[in-house]
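Data file: input_39.cif. Format and content: mmCIF, C-alpha atoms.
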```cif
data_my_file
loop_
_atom_site.label_atom_id
_atom_site.label_comp_id
_atom_site.auth_asym_id
_atom_site.auth_seq_id
_atom_site.Cartn_x
_atom_site.Cartn_y
_atom_site.Cartn_z
CA MET A 1 -59.34 -13.49 13.41
CA THR A 2 -59.14 -16.17 16.04
CA THR A 3 -61.41 -17.52 18.73
CA GLU A 4 -59.82 -19.26 21.66
CA MET A 5 -60.68 -20.65 25.07
CA GLU A 6 -58.59 -19.20 27.89
CA TYR A 7 -58.06 -21.08 31.17
CA GLU A 8 -56.60 -18.57 33.57
CA ALA A 9 -55.97 -18.63 37.33
CA LYS A 10 -54.85 -15.43 39.03
CA SER A 11 -53.98 -13.84 42.33
CA LEU A 12 -53.32 -10.28 43.39
CA LEU A 13 -49.84 -9.60 44.75
CA THR A 14 -48.24 -6.95 46.89
CA LYS A 15 -45.39 -5.04 45.27
CA GLU A 16 -42.97 -6.99 47.48
CA GLU A 17 -44.44 -10.35 46.37
CA TYR A 18 -44.28 -9.23 42.73
CA GLU A 19 -40.58 -8.39 43.15
CA GLN A 20 -39.96 -11.69 45.01
CA LEU A 21 -41.45 -13.67 42.11
CA GLN A 22 -39.41 -11.66 39.59
CA HIS A 23 -36.28 -12.58 41.52
CA VAL A 24 -37.24 -16.30 41.61
CA LEU A 25 -38.41 -16.54 37.97
CA GLY A 26 -35.75 -14.29 36.48
CA LYS A 27 -35.61 -10.56 35.90
CA LYS A 28 -36.94 -9.64 32.46
CA GLN A 29 -37.96 -6.44 30.73
CA PRO A 30 -41.76 -6.05 30.72
CA ILE A 31 -43.79 -5.45 27.57
CA THR A 32 -46.31 -2.63 27.91
CA GLN A 33 -49.81 -3.14 26.56
CA ARG A 34 -52.59 -0.57 26.58
CA ASN A 35 -56.20 -1.72 26.82
CA GLU A 36 -59.04 0.63 25.94
CA TYR A 37 -62.44 -0.64 27.12
CA PHE A 38 -65.79 -0.11 25.42
CA ASP A 39 -69.40 -0.82 26.26
CA THR A 40 -72.82 0.61 25.53
CA GLN A 41 -74.17 3.47 27.60
CA ALA A 42 -76.35 0.95 29.51
CA PHE A 43 -73.44 -1.53 29.92
CA HIS A 44 -75.12 -4.27 27.85
CA LEU A 45 -71.87 -6.24 27.45
CA LYS A 46 -71.17 -6.17 31.19
CA ASP A 47 -74.69 -7.49 31.78
CA LYS A 48 -73.82 -10.45 29.51
CA THR A 49 -70.51 -11.03 31.40
CA ALA A 50 -68.62 -9.87 28.32
CA ALA A 51 -66.05 -7.17 27.67
CA LEU A 52 -64.82 -5.37 24.57
CA ARG A 53 -61.34 -3.90 24.31
CA ILE A 54 -58.69 -2.67 21.93
CA ARG A 55 -55.26 -3.87 23.02
CA THR A 56 -52.28 -2.02 21.60
CA LYS A 57 -48.96 -3.78 22.04
CA GLU A 58 -45.69 -3.29 20.18
CA GLY A 59 -47.42 -0.97 17.68
CA LYS A 60 -50.21 -3.42 16.75
CA ALA A 61 -53.87 -3.11 17.71
CA VAL A 62 -56.26 -6.03 18.27
CA LEU A 63 -59.98 -5.83 19.02
CA THR A 64 -61.11 -8.53 21.45
CA LEU A 65 -64.48 -9.63 22.78
CA LYS A 66 -64.13 -11.65 25.99
CA GLN A 67 -67.09 -13.79 27.08
CA GLN A 68 -67.25 -15.66 30.41
CA THR A 69 -68.37 -19.31 30.24
CA ASP A 70 -68.58 -22.06 32.86
CA GLU A 71 -65.28 -23.53 31.62
CA GLY A 72 -63.28 -20.31 31.21
CA MET A 73 -63.10 -17.25 29.00
CA VAL A 74 -63.84 -17.33 25.26
CA GLU A 75 -61.97 -14.65 23.35
CA THR A 76 -62.68 -13.51 19.79
CA HIS A 77 -59.87 -11.44 18.27
CA GLN A 78 -59.51 -9.35 15.14
CA LYS A 79 -56.64 -7.15 13.97
CA LEU A 80 -57.46 -3.46 13.68
CA GLU A 81 -56.31 -0.89 11.18
CA GLU A 82 -56.30 2.82 12.04
CA THR A 83 -59.58 3.34 10.14
CA ASP A 84 -61.20 0.54 12.19
CA GLN A 85 -60.03 2.17 15.43
CA ALA A 86 -61.42 5.54 14.35
CA LEU A 87 -64.75 3.88 13.50
CA LEU A 88 -64.96 2.24 16.94
CA LEU A 89 -63.98 5.47 18.69
CA SER A 90 -66.95 7.08 16.89
CA GLY A 91 -69.23 4.37 18.38
CA THR A 92 -69.58 1.94 15.48
CA LEU A 93 -68.18 -1.59 15.40
CA PRO A 94 -65.89 -2.36 12.46
CA GLU A 95 -66.86 -5.30 10.24
CA GLY A 96 -65.44 -8.67 11.25
CA ALA A 97 -65.64 -11.57 13.65
CA VAL A 98 -65.97 -9.43 16.79
CA LYS A 99 -69.00 -7.59 15.36
CA ILE A 100 -70.58 -10.94 14.42
CA ALA A 101 -69.98 -12.30 17.95
CA ILE A 102 -71.44 -9.14 19.55
CA GLU A 103 -74.50 -9.26 17.29
CA SER A 104 -75.19 -12.78 18.58
CA LEU A 105 -75.08 -11.38 22.15
CA LEU A 106 -76.88 -8.10 21.52
CA PRO A 107 -79.40 -8.51 18.69
CA ASN A 108 -80.20 -4.78 18.52
CA THR A 109 -77.77 -2.31 16.99
CA CYS A 110 -75.87 -0.51 19.75
CA VAL A 111 -73.53 2.45 19.98
CA PHE A 112 -70.29 1.76 21.86
CA TYR A 113 -68.45 4.26 24.02
CA PRO A 114 -64.82 4.29 25.19
CA TYR A 115 -64.69 4.18 29.00
CA GLY A 116 -60.98 4.55 29.56
CA GLN A 117 -57.65 2.77 29.55
CA LEU A 118 -55.76 0.25 31.61
CA THR A 119 -52.02 -0.07 30.99
CA THR A 120 -50.26 -3.30 31.93
CA HIS A 121 -46.51 -3.88 32.11
CA ARG A 122 -46.33 -7.66 31.60
CA ILE A 123 -43.49 -10.12 32.09
CA THR A 124 -44.11 -13.63 30.75
CA TYR A 125 -42.46 -16.96 31.49
CA PRO A 126 -43.13 -20.36 29.90
CA TYR A 127 -44.08 -22.50 32.90
CA LYS A 128 -45.37 -26.08 33.30
CA ASP A 129 -47.20 -26.47 29.95
CA GLY A 130 -48.58 -22.95 30.13
CA LEU A 131 -47.70 -19.30 30.46
CA LEU A 132 -47.02 -17.44 33.69
CA CYS A 133 -47.55 -13.66 33.66
CA LEU A 134 -46.46 -11.07 36.20
CA ASP A 135 -48.50 -7.91 35.67
CA HIS A 136 -48.17 -4.39 37.01
CA SER A 137 -51.34 -2.51 35.95
CA GLU A 138 -52.23 1.18 36.08
CA TYR A 139 -55.81 2.46 35.71
CA ASN A 140 -58.13 5.15 37.10
CA HIS A 141 -55.36 6.67 39.27
CA ARG A 142 -54.62 3.25 40.81
CA GLU A 143 -52.08 0.50 40.34
CA ASP A 144 -51.96 -3.15 41.26
CA TYR A 145 -49.84 -6.26 40.86
CA GLU A 146 -50.97 -9.76 39.98
CA ILE A 147 -49.84 -13.13 38.79
CA GLU A 148 -51.76 -15.07 36.13
CA TYR A 149 -51.22 -18.59 34.94
CA GLU A 150 -52.74 -19.62 31.59
CA GLY A 151 -53.00 -23.38 31.49
CA THR A 152 -54.56 -26.27 29.61
CA SER A 153 -57.69 -26.42 31.80
CA MET A 154 -59.09 -24.46 34.75
CA ILE A 155 -58.23 -27.33 37.11
CA GLN A 156 -54.63 -27.47 35.89
CA ALA A 157 -54.27 -23.65 35.96
CA VAL A 158 -55.51 -23.41 39.55
CA GLU A 159 -53.31 -26.32 40.69
CA VAL A 160 -50.14 -24.90 39.11
CA LEU A 161 -50.69 -21.38 40.45
CA THR A 162 -51.62 -22.63 43.93
CA GLU A 163 -48.49 -24.80 44.06
CA LEU A 164 -46.20 -21.94 42.98
CA LEU A 165 -47.67 -19.50 45.51
CA HIS A 166 -47.44 -22.12 48.27
CA GLN A 167 -43.77 -22.78 47.42
CA GLN A 168 -43.06 -19.06 47.67
CA GLN A 169 -45.10 -18.70 50.90
CA ILE A 170 -47.44 -16.21 49.22
CA THR A 171 -51.10 -16.22 50.22
CA CYS A 172 -53.45 -16.57 47.25
CA LYS A 173 -55.61 -13.45 46.95
CA PRO A 174 -58.31 -14.20 44.36
CA ALA A 175 -58.58 -11.42 41.81
CA ALA A 176 -61.39 -10.23 39.63
CA ASN A 177 -60.27 -9.89 36.03
CA LYS A 178 -58.70 -6.63 34.89
CA VAL A 179 -61.81 -5.32 33.14
CA ALA A 180 -63.88 -5.85 36.31
CA ARG A 181 -61.25 -4.05 38.40
CA PHE A 182 -61.12 -1.26 35.84
CA PHE A 183 -64.89 -0.71 35.75
CA SER A 184 -65.27 -1.04 39.53
CA THR A 185 -63.01 2.02 39.89
CA SER A 186 -64.30 3.95 36.87
CA PRO A 187 -66.03 7.29 37.45
CA HIS A 188 -68.47 6.25 34.66
CA PHE A 189 -69.65 3.15 36.47
CA THR A 190 -71.79 2.75 39.58
CA ASP A 191 -73.30 -0.32 41.23
CA SER A 192 -76.63 0.56 39.59
CA ASN A 193 -75.10 0.09 36.08
#
```
Spell out the structure here as structure tokens.
Amino acid sequence: MTTEMEYEAKSLLTKEEYEQLQHVLGKKQPITQRNEYFDTQAFHLKDKTAALRIRTKEGKAVLTLKQQTDEGMVETHQKLEETDQALLLSGTLPEGAVKIAIESLLPNTCVFYPYGQLTTHRITYPYKDGLLCLDHSEYNHREDYEIEYEGTSMIQAVEVLTELLHQQQITCKPAANKVARFFSTSPHFTDSN
């Protein structure tokens, strides 16, 4: 289990801009990761600006609780075994750090429901003391492209991403995070949730 602070700046891209950046940064094979999102029926986590997901990548599954703070995103991770995944798919949180973190957010016992999947094909590049990610995501019969830069602080992340986009003559198009984009297009979610 780990807890970490994530400082991430991002921008949506057109497919052409995505391909332009691949050409500039170097063509690489993407790694595919599948995210399955969970919340309560009343979207209690969303109301607390938090999100719960299982990410499966290269045959390994990790349960993550993401919580928005003023400085960035706090992530609590825990590895999942198949029995843990089955437990969560039945609505119950498996024991561990993520359950402890959720219990501090939601003091009453809650049942969690799977709301769907978002698949991302990610290419990463070490870049200026951080990590640059080019993402092609597919969810709810949609797809989009984005660039993310994970830096050492929010100020540094924004500066580095802004500079790179300016150099490439790409207009910055602020992006909501993937979970927000996923839920905003989900048939299970409406503005009243």
Quick one: residues within 12 Å of Gly151 in chain A, all atoms listed in the file counted, chain neighbours fewer than 5 positions away excluded, as a count of residues only? 21
Of the candidates A:Glu17, A:Leu52, A:Thr109, A:Arg122, which one gets nearest to Leu165 in chain A if we count only C-alpha atoms? A:Glu17
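The space between CA of Asp144 in chain A and CA of Pro187 in chain A spans 17.9 Å.
Here CA of Leu118 in chain A and CA of Asn35 in chain A stand 5.2 Å from one another.
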Just the residues within 9 Å of Tyr115 in chain A, please, counting only C-alpha atoms, with nothing from its chain fewer than 3 positions along; format it as a list in words. Glu36, Tyr37, Phe38, Asp39, Phe183, Ser186 and His188 of chain A
Rounded to one decimal place, report the CA of Thr119 in chain A-CA of Ser137 in chain A distance in Å. 5.6 Å
Mind listing whatever residues come within 12 Å of the point (-65.9, -11.9, 31.3)? Use all atoms listed in the file, file coordinates, and give them as a VMD selection string. chain A and resid 5 to 6 8 45 to 53 64 to 75 176 to 181
Could I get range 117-132 of chain A rebuilt with N, CA, C and O atoms, written as a PDB file, keeping the file's coordinate frame?
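Result file follows (rebuild-v1.pdb):
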```pdb
ATOM      1  N   GLN A 117     -58.779   3.650  29.848  1.00  0.00           N
ATOM      2  CA  GLN A 117     -57.650   2.770  29.550  1.00  0.00           C
ATOM      3  C   GLN A 117     -57.075   2.133  30.805  1.00  0.00           C
ATOM      4  O   GLN A 117     -57.135   2.715  31.883  1.00  0.00           O
ATOM      5  N   LEU A 118     -56.535   0.962  30.596  1.00  0.00           N
ATOM      6  CA  LEU A 118     -55.760   0.250  31.610  1.00  0.00           C
ATOM      7  C   LEU A 118     -54.452  -0.135  30.935  1.00  0.00           C
ATOM      8  O   LEU A 118     -54.460  -0.749  29.866  1.00  0.00           O
ATOM      9  N   THR A 119     -53.341   0.253  31.536  1.00  0.00           N
ATOM     10  CA  THR A 119     -52.020  -0.070  30.990  1.00  0.00           C
ATOM     11  C   THR A 119     -51.386  -1.148  31.858  1.00  0.00           C
ATOM     12  O   THR A 119     -51.371  -1.027  33.084  1.00  0.00           O
ATOM     13  N   THR A 120     -50.909  -2.203  31.210  1.00  0.00           N
ATOM     14  CA  THR A 120     -50.260  -3.300  31.930  1.00  0.00           C
ATOM     15  C   THR A 120     -48.829  -3.454  31.434  1.00  0.00           C
ATOM     16  O   THR A 120     -48.571  -3.477  30.233  1.00  0.00           O
ATOM     17  N   HIS A 121     -47.921  -3.567  32.390  1.00  0.00           N
ATOM     18  CA  HIS A 121     -46.510  -3.880  32.110  1.00  0.00           C
ATOM     19  C   HIS A 121     -46.376  -5.367  32.461  1.00  0.00           C
ATOM     20  O   HIS A 121     -46.438  -5.736  33.632  1.00  0.00           O
ATOM     21  N   ARG A 122     -46.250  -6.205  31.433  1.00  0.00           N
ATOM     22  CA  ARG A 122     -46.330  -7.660  31.600  1.00  0.00           C
ATOM     23  C   ARG A 122     -44.995  -8.335  31.339  1.00  0.00           C
ATOM     24  O   ARG A 122     -44.318  -8.066  30.357  1.00  0.00           O
ATOM     25  N   ILE A 123     -44.655  -9.253  32.253  1.00  0.00           N
ATOM     26  CA  ILE A 123     -43.490 -10.120  32.090  1.00  0.00           C
ATOM     27  C   ILE A 123     -44.030 -11.546  31.977  1.00  0.00           C
ATOM     28  O   ILE A 123     -44.843 -11.964  32.805  1.00  0.00           O
ATOM     29  N   THR A 124     -43.602 -12.270  30.952  1.00  0.00           N
ATOM     30  CA  THR A 124     -44.110 -13.630  30.750  1.00  0.00           C
ATOM     31  C   THR A 124     -42.983 -14.654  30.871  1.00  0.00           C
ATOM     32  O   THR A 124     -41.821 -14.372  30.544  1.00  0.00           O
ATOM     33  N   TYR A 125     -43.377 -15.842  31.336  1.00  0.00           N
ATOM     34  CA  TYR A 125     -42.460 -16.960  31.490  1.00  0.00           C
ATOM     35  C   TYR A 125     -43.172 -18.238  31.047  1.00  0.00           C
ATOM     36  O   TYR A 125     -44.261 -18.527  31.550  1.00  0.00           O
ATOM     37  N   PRO A 126     -42.581 -19.028  30.136  1.00  0.00           N
ATOM     38  CA  PRO A 126     -43.130 -20.360  29.900  1.00  0.00           C
ATOM     39  C   PRO A 126     -43.020 -21.138  31.210  1.00  0.00           C
ATOM     40  O   PRO A 126     -41.984 -21.074  31.883  1.00  0.00           O
ATOM     41  N   TYR A 127     -44.092 -21.844  31.593  1.00  0.00           N
ATOM     42  CA  TYR A 127     -44.080 -22.500  32.900  1.00  0.00           C
ATOM     43  C   TYR A 127     -45.057 -23.664  32.898  1.00  0.00           C
ATOM     44  O   TYR A 127     -46.249 -23.475  32.663  1.00  0.00           O
ATOM     45  N   LYS A 128     -44.563 -24.867  33.131  1.00  0.00           N
ATOM     46  CA  LYS A 128     -45.370 -26.080  33.300  1.00  0.00           C
ATOM     47  C   LYS A 128     -46.524 -26.177  32.304  1.00  0.00           C
ATOM     48  O   LYS A 128     -47.691 -26.155  32.672  1.00  0.00           O
ATOM     49  N   ASP A 129     -46.209 -26.302  31.034  1.00  0.00           N
ATOM     50  CA  ASP A 129     -47.200 -26.470  29.950  1.00  0.00           C
ATOM     51  C   ASP A 129     -48.130 -25.290  29.780  1.00  0.00           C
ATOM     52  O   ASP A 129     -49.224 -25.422  29.232  1.00  0.00           O
ATOM     53  N   GLY A 130     -47.735 -24.133  30.268  1.00  0.00           N
ATOM     54  CA  GLY A 130     -48.580 -22.950  30.130  1.00  0.00           C
ATOM     55  C   GLY A 130     -47.732 -21.696  30.118  1.00  0.00           C
ATOM     56  O   GLY A 130     -46.534 -21.728  29.814  1.00  0.00           O
ATOM     57  N   LEU A 131     -48.375 -20.587  30.463  1.00  0.00           N
ATOM     58  CA  LEU A 131     -47.700 -19.300  30.460  1.00  0.00           C
ATOM     59  C   LEU A 131     -47.988 -18.589  31.772  1.00  0.00           C
ATOM     60  O   LEU A 131     -49.138 -18.421  32.172  1.00  0.00           O
ATOM     61  N   LEU A 132     -46.923 -18.164  32.439  1.00  0.00           N
ATOM     62  CA  LEU A 132     -47.020 -17.440  33.690  1.00  0.00           C
ATOM     63  C   LEU A 132     -46.787 -15.961  33.387  1.00  0.00           C
ATOM     64  O   LEU A 132     -45.846 -15.605  32.671  1.00  0.00           O
TER      65      LEU A 132
END
```
